[in-house]
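One file, input.txt, carrying compact mmCIF, C-alpha atoms and all ligand atoms:
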```txt
# COMPACT_ATOMS: atom_id res chain seq x y z
CA MET A 1 -51.42 68.92 -21.88
CA ASP A 2 -50.06 72.28 -22.98
CA PHE A 3 -51.47 75.41 -21.35
CA ASP A 4 -49.47 77.86 -23.42
CA TRP A 5 -50.64 79.90 -26.40
CA THR A 6 -49.09 79.13 -29.76
CA ASP A 7 -47.12 81.76 -31.69
CA GLU A 8 -50.06 81.99 -34.05
CA ASP A 9 -52.44 82.67 -31.15
CA ARG A 10 -50.15 85.38 -29.81
CA ALA A 11 -49.90 86.99 -33.23
CA PHE A 12 -53.67 86.96 -33.49
CA ARG A 13 -54.03 88.63 -30.09
CA SER A 14 -51.57 91.34 -31.13
CA ARG A 15 -53.57 91.89 -34.30
CA VAL A 16 -56.75 92.41 -32.28
CA ARG A 17 -55.00 94.75 -29.84
CA ASP A 18 -53.52 96.80 -32.68
CA PHE A 19 -56.93 97.06 -34.27
CA LEU A 20 -58.48 98.27 -31.02
CA LYS A 21 -55.70 100.77 -30.45
CA ARG A 22 -56.23 102.14 -33.93
CA GLU A 23 -60.02 102.15 -34.08
CA LEU A 24 -61.27 102.99 -30.59
CA PRO A 25 -61.79 106.75 -30.39
CA ALA A 26 -60.28 108.94 -27.68
CA ASP A 27 -63.69 109.30 -26.00
CA TRP A 28 -64.37 105.54 -25.98
CA ALA A 29 -64.34 105.47 -22.14
CA GLU A 30 -67.15 108.02 -22.14
CA ILE A 31 -69.14 106.16 -24.84
CA SER A 32 -68.77 102.77 -23.16
CA ARG A 33 -69.65 104.13 -19.71
CA HIS A 34 -73.34 104.00 -20.66
CA GLY A 35 -73.45 100.24 -21.27
CA PRO A 36 -73.85 98.16 -24.45
CA GLY A 37 -77.61 98.82 -24.69
CA SER A 38 -77.30 102.62 -24.62
CA ARG A 39 -77.98 104.74 -27.68
CA GLU A 40 -74.37 105.97 -27.59
CA GLN A 41 -72.85 102.49 -27.67
CA THR A 42 -75.42 101.09 -30.10
CA GLU A 43 -74.71 103.85 -32.62
CA PHE A 44 -71.02 103.31 -32.08
CA CYS A 45 -71.18 99.53 -32.59
CA LEU A 46 -73.08 99.96 -35.86
CA GLU A 47 -70.03 101.83 -37.18
CA PHE A 48 -67.40 99.78 -35.42
CA CYS A 49 -68.62 96.26 -36.24
CA PRO A 50 -68.60 96.74 -40.03
CA LYS A 51 -64.95 97.81 -39.68
CA LEU A 52 -64.25 94.70 -37.60
CA ALA A 53 -65.99 92.62 -40.26
CA LYS A 54 -63.89 94.18 -43.01
CA ALA A 55 -60.73 93.40 -41.05
CA GLY A 56 -61.85 89.76 -40.67
CA LEU A 57 -62.24 90.19 -36.92
CA LEU A 58 -65.98 90.01 -36.40
CA VAL A 59 -66.78 86.36 -37.16
CA PRO A 60 -63.46 84.70 -38.02
CA HIS A 61 -64.65 81.42 -36.42
CA TRP A 62 -67.75 81.20 -38.65
CA PRO A 63 -67.72 79.10 -41.84
CA ARG A 64 -66.55 80.82 -44.98
CA GLU A 65 -69.91 80.44 -46.68
CA TRP A 66 -71.37 82.71 -43.98
CA GLY A 67 -68.72 85.40 -44.03
CA GLY A 68 -66.24 83.77 -41.65
CA GLU A 69 -62.78 82.31 -42.19
CA ASP A 70 -63.17 78.90 -40.51
CA ARG A 71 -60.64 80.00 -37.89
CA PRO A 72 -60.11 77.83 -34.79
CA PRO A 73 -62.32 78.34 -31.72
CA TRP A 74 -59.36 79.56 -29.67
CA GLU A 75 -58.98 82.60 -31.87
CA HIS A 76 -62.63 83.33 -31.35
CA PHE A 77 -61.98 83.17 -27.64
CA ILE A 78 -58.94 85.44 -27.76
CA LEU A 79 -61.07 87.90 -29.70
CA GLY A 80 -63.77 87.73 -27.01
CA GLU A 81 -61.25 88.31 -24.23
CA GLU A 82 -59.79 91.37 -25.91
CA MET A 83 -63.19 92.83 -26.80
CA TRP A 84 -64.62 92.27 -23.36
CA ALA A 85 -61.55 93.70 -21.63
CA ALA A 86 -61.83 96.78 -23.87
CA GLY A 87 -65.42 97.43 -22.72
CA GLU A 88 -67.15 95.37 -25.42
CA PRO A 89 -67.11 97.75 -28.40
CA ARG A 90 -69.24 95.25 -30.32
CA GLY A 91 -72.13 96.37 -28.07
CA ALA A 92 -75.11 94.02 -28.30
CA GLN A 93 -73.60 92.37 -31.39
CA TYR A 94 -71.48 90.04 -29.26
CA MET A 95 -74.68 87.98 -28.94
CA ASN A 96 -74.98 87.56 -32.74
CA VAL A 97 -71.36 86.54 -33.06
CA ASN A 98 -71.31 84.08 -30.17
CA TRP A 99 -74.64 82.32 -30.24
CA ILE A 100 -77.57 83.81 -32.17
CA GLY A 101 -75.74 83.58 -35.52
CA PRO A 102 -74.41 80.03 -34.93
CA THR A 103 -77.89 78.94 -33.78
CA LEU A 104 -79.49 80.29 -36.96
CA MET A 105 -76.81 78.67 -39.12
CA ARG A 106 -77.46 75.32 -37.47
CA PHE A 107 -81.25 75.32 -37.15
CA GLY A 108 -82.54 77.96 -39.60
CA THR A 109 -84.21 77.29 -42.94
CA PRO A 110 -82.21 78.37 -46.02
CA GLU A 111 -84.44 81.49 -46.24
CA GLN A 112 -83.94 82.37 -42.57
CA ARG A 113 -80.18 82.00 -42.85
CA GLN A 114 -80.06 84.06 -46.00
CA ARG A 115 -82.19 86.76 -44.48
CA TYR A 116 -80.38 87.15 -41.15
CA VAL A 117 -76.88 85.67 -41.13
CA PRO A 118 -75.15 87.88 -43.77
CA GLU A 119 -76.20 91.11 -42.03
CA MET A 120 -74.88 89.73 -38.75
CA ALA A 121 -71.58 88.84 -40.41
CA ALA A 122 -71.44 92.38 -41.81
CA GLY A 123 -71.90 93.89 -38.33
CA LYS A 124 -75.18 95.58 -39.13
CA ALA A 125 -77.79 93.79 -37.01
CA ILE A 126 -78.88 94.26 -33.41
CA TRP A 127 -80.79 91.39 -31.82
CA CYS A 128 -82.40 90.93 -28.46
CA GLN A 129 -83.41 87.75 -26.73
CA GLY A 130 -86.97 87.41 -25.39
CA PHE A 131 -86.82 84.47 -22.99
CA SER A 132 -87.53 85.56 -19.39
CA GLU A 133 -90.99 86.52 -18.19
CA PRO A 134 -92.18 87.90 -14.87
CA ASP A 135 -93.00 84.36 -13.68
CA ALA A 136 -90.52 82.41 -15.77
CA GLY A 137 -86.82 83.09 -15.21
CA SER A 138 -84.84 80.20 -13.78
CA ASP A 139 -87.85 78.04 -14.49
CA LEU A 140 -88.10 79.07 -18.13
CA ALA A 141 -90.36 76.16 -19.07
CA ARG A 142 -93.21 78.00 -17.29
CA LEU A 143 -93.26 80.80 -19.85
CA ARG A 144 -96.74 81.93 -20.86
CA THR A 145 -96.36 84.17 -23.91
CA ARG A 146 -98.66 82.50 -26.46
CA ALA A 147 -98.21 82.01 -30.18
CA VAL A 148 -101.50 80.85 -31.69
CA ARG A 149 -101.58 79.49 -35.23
CA ASP A 150 -103.96 81.40 -37.50
CA GLY A 151 -103.80 80.13 -41.09
CA ASP A 152 -100.34 80.87 -42.44
CA ASP A 153 -99.53 83.11 -39.47
CA TYR A 154 -98.98 83.00 -35.73
CA VAL A 155 -100.47 85.63 -33.43
CA ILE A 156 -98.23 86.31 -30.44
CA SER A 157 -99.37 87.83 -27.13
CA GLY A 158 -97.64 88.12 -23.78
CA SER A 159 -94.80 89.92 -22.07
CA LYS A 160 -91.11 89.47 -21.52
CA ILE A 161 -88.85 91.03 -18.92
CA TRP A 162 -85.15 91.86 -18.53
CA THR A 163 -84.84 91.89 -22.33
CA SER A 164 -81.34 93.27 -22.91
CA TYR A 165 -80.92 95.77 -25.77
CA ALA A 166 -84.61 95.55 -26.80
CA GLY A 167 -85.01 99.34 -27.07
CA LEU A 168 -82.82 99.61 -30.17
CA ALA A 169 -82.90 96.03 -31.45
CA HIS A 170 -83.88 95.22 -35.03
CA HIS A 171 -84.99 91.64 -34.28
CA CYS A 172 -86.02 89.47 -31.36
CA PHE A 173 -85.13 85.82 -30.79
CA LEU A 174 -88.38 85.06 -29.03
CA LEU A 175 -89.69 82.10 -27.08
CA ALA A 176 -93.45 81.54 -27.06
CA ARG A 177 -95.82 78.77 -26.15
CA THR A 178 -97.55 77.06 -29.07
CA GLY A 179 -98.84 74.18 -26.94
CA GLU A 180 -101.54 74.25 -24.28
CA ALA A 181 -100.96 76.02 -20.96
CA GLY A 182 -98.95 73.66 -18.77
CA SER A 183 -97.34 71.91 -21.76
CA GLY A 184 -93.91 72.72 -20.28
CA LYS A 185 -90.77 72.41 -22.41
CA ALA A 186 -92.55 70.41 -25.09
CA GLY A 187 -94.98 73.23 -25.90
CA ILE A 188 -92.50 75.99 -26.77
CA ALA A 189 -91.33 77.33 -30.14
CA ILE A 190 -88.85 80.00 -31.21
CA PHE A 191 -89.80 82.95 -33.41
CA LEU A 192 -87.58 85.40 -35.26
CA VAL A 193 -89.51 88.62 -34.91
CA PRO A 194 -88.72 92.04 -36.41
CA MET A 195 -89.02 94.59 -33.60
CA SER A 196 -90.60 97.16 -35.94
CA ILE A 197 -93.88 95.32 -36.58
CA PRO A 198 -97.16 96.47 -34.97
CA GLY A 199 -98.07 95.29 -31.47
CA ILE A 200 -94.62 95.40 -29.84
CA GLU A 201 -94.00 97.87 -27.04
CA VAL A 202 -90.69 98.22 -25.24
CA ARG A 203 -90.25 99.95 -21.88
CA SER A 204 -86.83 100.56 -20.44
CA ILE A 205 -86.26 99.38 -16.85
CA PRO A 206 -84.16 101.91 -14.94
CA SER A 207 -81.15 100.15 -13.46
CA LEU A 208 -77.62 100.78 -12.35
CA ILE A 209 -76.09 98.67 -15.12
CA GLY A 210 -76.37 101.21 -17.91
CA HIS A 211 -78.90 103.32 -19.72
CA GLY A 212 -81.19 101.25 -21.88
CA ASP A 213 -79.73 97.85 -21.13
CA ILE A 214 -82.77 96.02 -19.79
CA HIS A 215 -86.45 96.25 -20.68
CA GLU A 216 -89.97 94.98 -20.41
CA THR A 217 -91.25 93.93 -23.83
CA PHE A 218 -94.95 93.58 -24.50
CA PHE A 219 -96.48 91.66 -27.41
CA THR A 220 -100.12 92.37 -28.23
CA ASP A 221 -101.60 90.36 -31.12
CA VAL A 222 -98.30 90.48 -32.98
CA ARG A 223 -98.79 88.72 -36.30
CA VAL A 224 -95.85 86.89 -37.89
CA PRO A 225 -95.81 84.43 -40.79
CA ALA A 226 -95.24 80.77 -39.96
CA SER A 227 -91.91 81.13 -41.77
CA ALA A 228 -90.72 83.19 -38.77
CA ARG A 229 -90.66 80.04 -36.63
CA LEU A 230 -87.17 78.61 -36.05
CA GLY A 231 -87.34 74.83 -36.01
CA GLU A 232 -90.51 72.91 -35.37
CA GLU A 233 -93.14 73.57 -32.73
CA GLY A 234 -91.91 71.90 -29.54
CA GLN A 235 -88.30 71.76 -30.73
CA ALA A 236 -87.33 74.96 -28.96
CA TRP A 237 -85.83 73.31 -25.90
CA SER A 238 -83.04 71.51 -27.72
CA ILE A 239 -82.30 74.61 -29.80
CA ILE A 240 -82.15 76.79 -26.68
CA GLY A 241 -79.87 74.23 -25.03
CA TYR A 242 -77.41 74.70 -27.89
CA SER A 243 -77.80 78.48 -27.78
CA LEU A 244 -77.42 78.82 -23.99
CA ALA A 245 -74.36 76.57 -23.89
CA ASN A 246 -72.72 79.04 -26.27
CA GLU A 247 -74.00 82.05 -24.31
CA ARG A 248 -72.82 80.85 -20.92
CA VAL A 249 -69.19 80.63 -21.85
CA GLY A 250 -69.40 83.37 -24.47
CA ILE A 251 -68.54 86.23 -22.14
CA PRO A 252 -64.95 86.04 -20.89
CA ARG A 253 -65.43 88.39 -17.97
CA TYR A 254 -62.45 86.94 -16.08
CA GLU A 255 -60.18 88.81 -18.53
CA LEU A 256 -61.77 92.13 -17.63
CA SER A 257 -61.69 91.22 -13.91
CA ALA A 258 -57.99 90.35 -14.11
CA ARG A 259 -57.17 93.63 -15.87
CA VAL A 260 -59.25 95.69 -13.43
CA LEU A 261 -57.45 93.94 -10.57
CA ASP A 262 -54.10 94.92 -12.14
CA GLN A 263 -55.23 98.53 -12.25
CA MET A 264 -56.36 98.40 -8.63
CA VAL A 265 -53.05 96.93 -7.51
CA GLY A 266 -51.24 99.60 -9.55
CA GLU A 267 -53.21 102.34 -7.85
CA LEU A 268 -52.51 100.90 -4.37
CA ARG A 269 -48.83 100.74 -5.25
CA ARG A 270 -48.95 104.39 -6.35
CA ARG A 271 -50.53 105.28 -3.02
CA GLY A 272 -47.85 103.40 -1.12
CA ALA A 273 -50.45 100.98 0.25
CA ALA A 274 -49.44 97.80 -1.57
CA ALA A 275 -47.00 96.49 1.05
CA SER A 276 -49.70 95.60 3.57
CA PRO A 277 -49.88 91.81 4.05
CA VAL A 278 -53.67 92.05 4.20
CA VAL A 279 -53.80 93.84 0.83
CA GLN A 280 -51.42 91.31 -0.66
CA ALA A 281 -53.34 88.31 0.64
CA ARG A 282 -56.63 89.66 -0.67
CA ALA A 283 -55.13 90.66 -4.03
CA GLY A 284 -53.58 87.21 -4.35
CA SER A 285 -56.89 85.57 -3.61
CA ALA A 286 -58.69 87.70 -6.24
CA ALA A 287 -55.97 86.91 -8.81
CA ALA A 288 -56.32 83.19 -8.05
CA ALA A 289 -60.09 83.43 -8.56
CA CYS A 290 -59.59 85.08 -11.98
CA GLU A 291 -57.09 82.46 -13.11
CA ALA A 292 -59.27 79.59 -11.86
CA ALA A 293 -62.20 81.02 -13.83
CA ARG A 294 -60.03 81.40 -16.92
CA LEU A 295 -58.84 77.80 -16.84
CA LEU A 296 -62.29 76.39 -16.16
CA VAL A 297 -63.69 78.35 -19.11
CA TYR A 298 -60.80 77.17 -21.31
CA ARG A 299 -61.65 73.60 -20.45
CA THR A 300 -65.22 74.03 -21.66
CA VAL A 301 -64.01 75.72 -24.85
CA ASP A 302 -61.58 72.89 -25.45
CA LYS A 303 -64.22 70.21 -24.93
CA ARG A 304 -66.62 71.98 -27.22
CA ALA A 305 -63.95 72.41 -29.87
CA ARG A 306 -63.38 68.65 -29.78
CA GLY A 307 -67.10 68.04 -30.14
CA GLU A 308 -67.42 66.47 -26.69
CA PRO A 309 -70.62 67.03 -24.73
CA LEU A 310 -70.41 69.57 -21.91
CA GLY A 311 -71.44 68.32 -18.51
CA ALA A 312 -71.08 70.01 -15.14
CA GLU A 313 -67.86 71.67 -16.32
CA ALA A 314 -69.88 74.48 -17.87
CA SER A 315 -71.61 75.09 -14.53
CA LEU A 316 -68.28 75.07 -12.67
CA ALA A 317 -66.91 77.61 -15.14
CA ARG A 318 -69.89 79.88 -14.83
CA VAL A 319 -69.82 79.92 -11.03
CA ALA A 320 -66.06 80.54 -11.07
CA VAL A 321 -66.51 83.53 -13.41
CA ALA A 322 -69.11 85.06 -11.07
CA GLU A 323 -66.86 84.46 -8.05
CA ALA A 324 -63.87 86.06 -9.78
CA ASP A 325 -65.98 89.11 -10.58
CA HIS A 326 -67.04 89.42 -6.98
CA ALA A 327 -63.54 88.82 -5.60
CA VAL A 328 -62.14 91.70 -7.68
CA THR A 329 -64.89 94.19 -6.99
CA ASP A 330 -64.91 93.32 -3.25
CA PHE A 331 -61.15 93.87 -3.18
CA GLY A 332 -61.54 97.30 -4.78
CA MET A 333 -64.42 98.27 -2.51
CA GLU A 334 -62.40 97.32 0.55
CA PHE A 335 -59.09 98.95 -0.24
CA LEU A 336 -59.97 101.70 -2.73
CA PRO A 337 -63.52 102.76 -1.81
CA ASP A 338 -62.96 106.38 -2.93
CA ALA A 339 -61.95 105.20 -6.43
CA PHE A 340 -65.55 104.13 -7.09
CA ASP A 341 -66.69 107.77 -6.85
CA GLY A 342 -66.04 110.39 -9.50
CA ASP A 343 -64.51 109.95 -12.93
CA ALA A 344 -60.93 108.97 -12.13
CA PHE A 345 -61.46 105.20 -12.51
CA PRO A 346 -64.50 104.61 -14.72
CA ALA A 347 -63.44 100.97 -15.27
CA PHE A 348 -63.80 100.18 -11.55
CA LEU A 349 -67.38 101.35 -11.33
CA ALA A 350 -68.34 99.76 -14.67
CA HIS A 351 -66.85 96.46 -13.54
CA HIS A 352 -68.60 96.69 -10.17
CA GLU A 353 -72.00 97.36 -11.75
CA ARG A 354 -71.68 94.36 -14.06
CA ALA A 355 -70.30 92.14 -11.28
CA ILE A 356 -73.54 92.65 -9.37
CA VAL A 357 -75.54 90.98 -12.14
CA THR A 358 -73.01 88.37 -13.30
CA GLY A 359 -74.61 85.70 -11.18
CA ILE A 360 -78.11 86.48 -12.50
CA ALA A 361 -77.97 87.21 -16.23
CA ALA A 362 -77.87 84.17 -18.55
CA GLY A 363 -79.15 81.93 -15.75
CA ALA A 364 -78.77 82.36 -12.00
CA ALA A 365 -75.58 81.05 -10.38
CA GLU A 366 -77.63 79.22 -7.72
CA ILE A 367 -79.11 77.05 -10.46
CA GLN A 368 -75.57 76.21 -11.55
CA LEU A 369 -74.72 75.29 -7.95
CA GLY A 370 -77.62 72.85 -7.97
CA LEU A 371 -76.36 71.32 -11.22
CA ILE A 372 -72.85 70.99 -9.78
CA ALA A 373 -74.24 69.28 -6.68
CA ARG A 374 -76.12 66.74 -8.76
CA ARG A 375 -73.85 66.24 -11.77
CA TRP A 376 -70.38 66.77 -10.30
CA LEU A 377 -70.81 65.66 -6.69
CA ASP A 378 -73.53 63.15 -7.50
CA LEU A 379 -75.75 64.39 -4.69
CA PRO A 380 -79.46 63.61 -4.72
CA ASN A 381 -81.93 66.14 -6.09
CA GLY A 382 -82.97 68.41 -3.19
CA ASP A 383 -86.58 68.39 -4.42
CA ALA A 384 -86.81 64.60 -4.22
C1 LIG B 401 -78.40 92.17 -16.65
C2 LIG B 401 -79.40 91.15 -17.03
C3 LIG B 401 -79.65 90.93 -18.36
C4 LIG B 401 -80.59 89.99 -18.75
N1 LIG B 401 -80.85 89.84 -20.08
C5 LIG B 401 -81.84 89.01 -20.47
C6 LIG B 401 -82.20 88.92 -21.84
O1 LIG B 401 -81.62 89.57 -22.71
N2 LIG B 401 -83.23 88.11 -22.18
C7 LIG B 401 -83.89 87.36 -21.24
O2 LIG B 401 -84.80 86.63 -21.64
N3 LIG B 401 -83.57 87.43 -19.94
C8 LIG B 401 -82.56 88.24 -19.53
N4 LIG B 401 -82.23 88.33 -18.20
C9 LIG B 401 -83.00 87.56 -17.24
C10 LIG B 401 -82.21 86.42 -16.60
O3 LIG B 401 -82.05 85.37 -17.52
C11 LIG B 401 -83.02 86.01 -15.36
O4 LIG B 401 -82.96 87.10 -14.45
C12 LIG B 401 -82.48 84.78 -14.72
O5 LIG B 401 -82.72 83.66 -15.54
C13 LIG B 401 -83.14 84.54 -13.33
O6 LIG B 401 -84.53 84.57 -13.44
P1 LIG B 401 -85.41 85.52 -12.51
O7 LIG B 401 -84.88 86.89 -12.55
O8 LIG B 401 -86.84 85.30 -12.86
O9 LIG B 401 -85.17 85.00 -11.03
P2 LIG B 401 -85.83 83.72 -10.35
O10 LIG B 401 -85.74 82.55 -11.26
O11 LIG B 401 -87.16 84.11 -9.83
O12 LIG B 401 -84.82 83.50 -9.15
C14 LIG B 401 -84.79 84.38 -8.02
C15 LIG B 401 -83.74 83.86 -7.07
O13 LIG B 401 -84.08 82.54 -6.65
C16 LIG B 401 -83.02 81.65 -6.96
N5 LIG B 401 -83.57 80.35 -7.40
C17 LIG B 401 -84.56 80.16 -8.30
N6 LIG B 401 -84.76 78.83 -8.49
C18 LIG B 401 -83.85 78.19 -7.72
C19 LIG B 401 -83.53 76.82 -7.49
N7 LIG B 401 -84.19 75.83 -8.13
N8 LIG B 401 -82.52 76.53 -6.63
C20 LIG B 401 -81.85 77.51 -5.99
N9 LIG B 401 -82.10 78.85 -6.16
C21 LIG B 401 -83.08 79.18 -7.01
C22 LIG B 401 -82.25 82.28 -8.09
O14 LIG B 401 -80.94 81.86 -8.13
C23 LIG B 401 -82.35 83.75 -7.73
O15 LIG B 401 -81.38 84.09 -6.77
C24 LIG B 401 -81.29 89.24 -17.78
C25 LIG B 401 -81.02 89.45 -16.42
C26 LIG B 401 -80.10 90.40 -16.04
C27 LIG B 401 -79.83 90.62 -14.59
```
Structure encoded using structure tokens:
Amino acid sequence: MDFDWTDEDRAFRSRVRDFLKRELPADWAEISRHGPGSREQTEFCLEFCPKLAKAGLLVPHWPREWGGEDRPPWEHFILGEEMWAAGEPRGAQYMNVNWIGPTLMRFGTPEQRQRYVPEMAAGKAIWCQGFSEPDAGSDLARLRTRAVRDGDDYVISGSKIWTSYAGLAHHCFLLARTGEAGSGKAGIAIFLVPMSIPGIEVRSIPSLIGHGDIHETFFTDVRVPASARLGEEGQAWSIIGYSLANERVGIPRYELSARVLDQMVGELRRRGAAASPVVQARAGSAAAACEAARLLVYRTVDKRARGEPLGAEASLARVAVAEADHAVTDFGMEFLPDAFDGDAFPAFLAHHERAIVTGIAAGAAEIQLGLIARRWLDLPNGDA
């Protein structure tokens, strides 16, 4: 067991940092303040990601035939840590890189891959993910958006909610029911839907996590060809399982939390307030939470890299990441409350806003706690 980075890993991290230092503009803090779904950050990422691609830093872990370099999964993870800690300059495109692209490469037809994967690898595509509905979040299998076969087409009707980045997305990775109402998991299919076709309406949901990040998305008699279906009817659940497993460990927020904690501690030191034993105990506890999250995430990455199935470890990692987020933002709120007002520490407020939703987006943390109880502690199902 070796927990250290190799020289090659370190060199790769330096390469990413140098790139960011060179390419992020002086007003990046202002651009990133609005969140990855904002117009400002979306326009920025459509310039930035092609540069990343050119430098071999957008999809280095992808296969060569799809624009990658077959680099090891750890490099992909280092890349994610550095991007996330820098405020995620890839904007919404982190989703393409981490899971939408790999899912299309694995399950798409040759035409679907050819149509979508190269533009993702070039940093030119914005996707959104239409899963959740007003009555189907944690219990996704209850979703009601219908896709009805009509000759060579499907006609899609229904509504989605909390759709990140939908306002400016080019395509939607959409879940819809092709089976009868009540057909559960077995009646769902995935559709790759251009957001520009008639019948799609997107409404932004005002929120504190950024302008234009989350939306309601309405589909009224949206007609797509059958070739827009990813996989077979009823196969969606196994495809989503693959996709979500990549999504849930795809966001290394612990790295951002750890760096924000460092800044907070630095500010307390500057104010002469870092000697308090209470401050030190709480800072130590937040640092421990960040490192625990990091190591739990690394374990899931390692297992996946070795092709081993992920069990409750992924749930442990996800809960630990949410707890680390909360530990850091609670620490800041307690000892530096004034730093969350005004413009002096934009990173604190941005981190706090995201920490609020960490335990909700990409599947609620409580659901993960239930999985840990059953799969890790072997407790009986509470519903039984
Ligand atoms: C910032 C953000 C971005 C998002 N982006 C997207 C996106 O791009 N695409 C998309 O499709 N969705 C997106 N979502 C939606 C997200 O996936 C859902 O919010 C999440 O799955 C929870 O579903 P829900 O909101 O319907 O809450 P519910 O499922 O109604 O849950 C409400 C509360 O009840 C708890 N609960 C529910 N069931 C159980 C249970 N069995 N045991 C214990 N507790 C339970 C939950 O933990 C939660 O606290 C996003 C959400 C957020 C906050």
Could you write out as JSON the box around range 105-115 of chain A (axis-aligned, all atoms listed in the file, 8 Å on each side), with centre and edge lengths in Å to one decimal?
```
{"center_x": -80.6, "center_y": 81.0, "center_z": -41.7, "size_x": 23.6, "size_y": 27.4, "size_z": 25.1}
```
- Message: Quick check, in Å to one decimal: how far apart do CA of Gly80 in chain A and CA of Arg304 in chain A lie?
- Response: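 Separation between CA of Gly80 in chain A and CA of Arg304 in chain A: 16.0 Å.
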- Message: Taking 4 positions as the minimum chain separation for residues in the same chain, which residues sit within 10 Å of Ala287 in chain A when counting all atoms listed in the file? Answer as a PyMOL selection string.
- Response: chain A and resi 254+257-259+261-262+281-283+291-293+324+327-328
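Distances from A:Thr178, A:Thr42, A:Thr358, A:Ser14 to ligand LIG 401 (chain B) were compared using all atoms listed in the file, and the smallest one belongs to A:Thr358.
Distances to ligand LIG 401 (chain B) were evaluated for A:Asp153, A:Glu247, A:Asp341, A:Asp135 using all atoms listed in the file, and the minimum falls at A:Asp135.
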- Message: Residues near range 193-198 of chain A, anyone? I mean within 7 Å using only C-alpha atoms, not counting same-chain ones fewer than 6 positions away, as an MDAnalysis selection string.
- Response: chainID A and resid 169:174 222 228
- Query: Taking into account only C-alpha atoms, which residue in the set A:Gly130, A:Gly199, A:Gly137, A:Gly234 is nearest to Gly187 in chain A?
  - Reply: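 The closest residue to Gly187 in chain A is A:Gly234.
The interatomic distance for the pair CA of Glu119 in chain A and atom C25 of ligand LIG 401 (chain B) works out to 26.1 Å.
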- So which residues touch Ala312 in chain A within 6 Å, counting all atoms listed in the file, skipping near sequence neighbours fewer than 4 positions away, as a PyMOL selection string? chain A and resi 372+375-376
Using only C-alpha atoms and all ligand atoms, which residues of chain A come within 8 Å of ligand LIG 401 (chain B), and what is the closest atom pair for each, with the distance in Å to one decimal? Give it as a tab-separated table, sorted by chain and residue number.
```
residue	atom	partner	partner_atom	distance
A:Cys128	CA	B:LIG401	O1	6.0
A:Gln129	CA	B:LIG401	N2	4.6
A:Gly130	CA	B:LIG401	O2	4.4
A:Phe131	CA	B:LIG401	O2	3.3
A:Ser132	CA	B:LIG401	O2	3.7
A:Glu133	CA	B:LIG401	O8	6.9
A:Pro134	CA	B:LIG401	O8	6.3
A:Asp135	CA	B:LIG401	O8	6.3
A:Ala136	CA	B:LIG401	O8	5.5
A:Gly137	CA	B:LIG401	O8	3.2
A:Ser138	CA	B:LIG401	O10	3.6
A:Asp139	CA	B:LIG401	O10	5.9
A:Leu140	CA	B:LIG401	O5	7.5
A:Lys160	CA	B:LIG401	O2	6.9
A:Ile161	CA	B:LIG401	N3	6.5
A:Trp162	CA	B:LIG401	C8	4.6
A:Thr163	CA	B:LIG401	O1	4.0
A:Ser164	CA	B:LIG401	O1	3.7
A:Tyr165	CA	B:LIG401	O1	6.9
A:Ala166	CA	B:LIG401	O1	7.8
A:Ile209	CA	B:LIG401	C1	7.1
A:Asp213	CA	B:LIG401	C1	7.4
A:Ile214	CA	B:LIG401	C3	6.1
A:Arg354	CA	B:LIG401	C1	7.5
A:Val357	CA	B:LIG401	C27	5.0
A:Thr358	CA	B:LIG401	C27	7.3
A:Gly359	CA	B:LIG401	C27	7.9
A:Ile360	CA	B:LIG401	C27	4.9
A:Ala361	CA	B:LIG401	C25	3.8
A:Ala362	CA	B:LIG401	O3	4.5
A:Gly363	CA	B:LIG401	O5	4.0
A:Ala364	CA	B:LIG401	O14	4.5
A:Ala365	CA	B:LIG401	O14	5.9
A:Glu366	CA	B:LIG401	O14	4.3
A:Ile367	CA	B:LIG401	N8	5.2
A:Leu369	CA	B:LIG401	C20	7.7
A:Gly370	CA	B:LIG401	N8	6.3
```
Take the residues just selected and output them with C-alpha atoms as a compact mmCIF listing (two decimals), keeping the file's coordinate frame.
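Saved to out-v8.txt:
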```txt
# COMPACT_ATOMS: atom_id res chain seq x y z
CA CYS A 128 -82.40 90.93 -28.46
CA GLN A 129 -83.41 87.75 -26.73
CA GLY A 130 -86.97 87.41 -25.39
CA PHE A 131 -86.82 84.47 -22.99
CA SER A 132 -87.53 85.56 -19.39
CA GLU A 133 -90.99 86.52 -18.19
CA PRO A 134 -92.18 87.90 -14.87
CA ASP A 135 -93.00 84.36 -13.68
CA ALA A 136 -90.52 82.41 -15.77
CA GLY A 137 -86.82 83.09 -15.21
CA SER A 138 -84.84 80.20 -13.78
CA ASP A 139 -87.85 78.04 -14.49
CA LEU A 140 -88.10 79.07 -18.13
CA LYS A 160 -91.11 89.47 -21.52
CA ILE A 161 -88.85 91.03 -18.92
CA TRP A 162 -85.15 91.86 -18.53
CA THR A 163 -84.84 91.89 -22.33
CA SER A 164 -81.34 93.27 -22.91
CA TYR A 165 -80.92 95.77 -25.77
CA ALA A 166 -84.61 95.55 -26.80
CA ILE A 209 -76.09 98.67 -15.12
CA ASP A 213 -79.73 97.85 -21.13
CA ILE A 214 -82.77 96.02 -19.79
CA ARG A 354 -71.68 94.36 -14.06
CA VAL A 357 -75.54 90.98 -12.14
CA THR A 358 -73.01 88.37 -13.30
CA GLY A 359 -74.61 85.70 -11.18
CA ILE A 360 -78.11 86.48 -12.50
CA ALA A 361 -77.97 87.21 -16.23
CA ALA A 362 -77.87 84.17 -18.55
CA GLY A 363 -79.15 81.93 -15.75
CA ALA A 364 -78.77 82.36 -12.00
CA ALA A 365 -75.58 81.05 -10.38
CA GLU A 366 -77.63 79.22 -7.72
CA ILE A 367 -79.11 77.05 -10.46
CA LEU A 369 -74.72 75.29 -7.95
CA GLY A 370 -77.62 72.85 -7.97
```
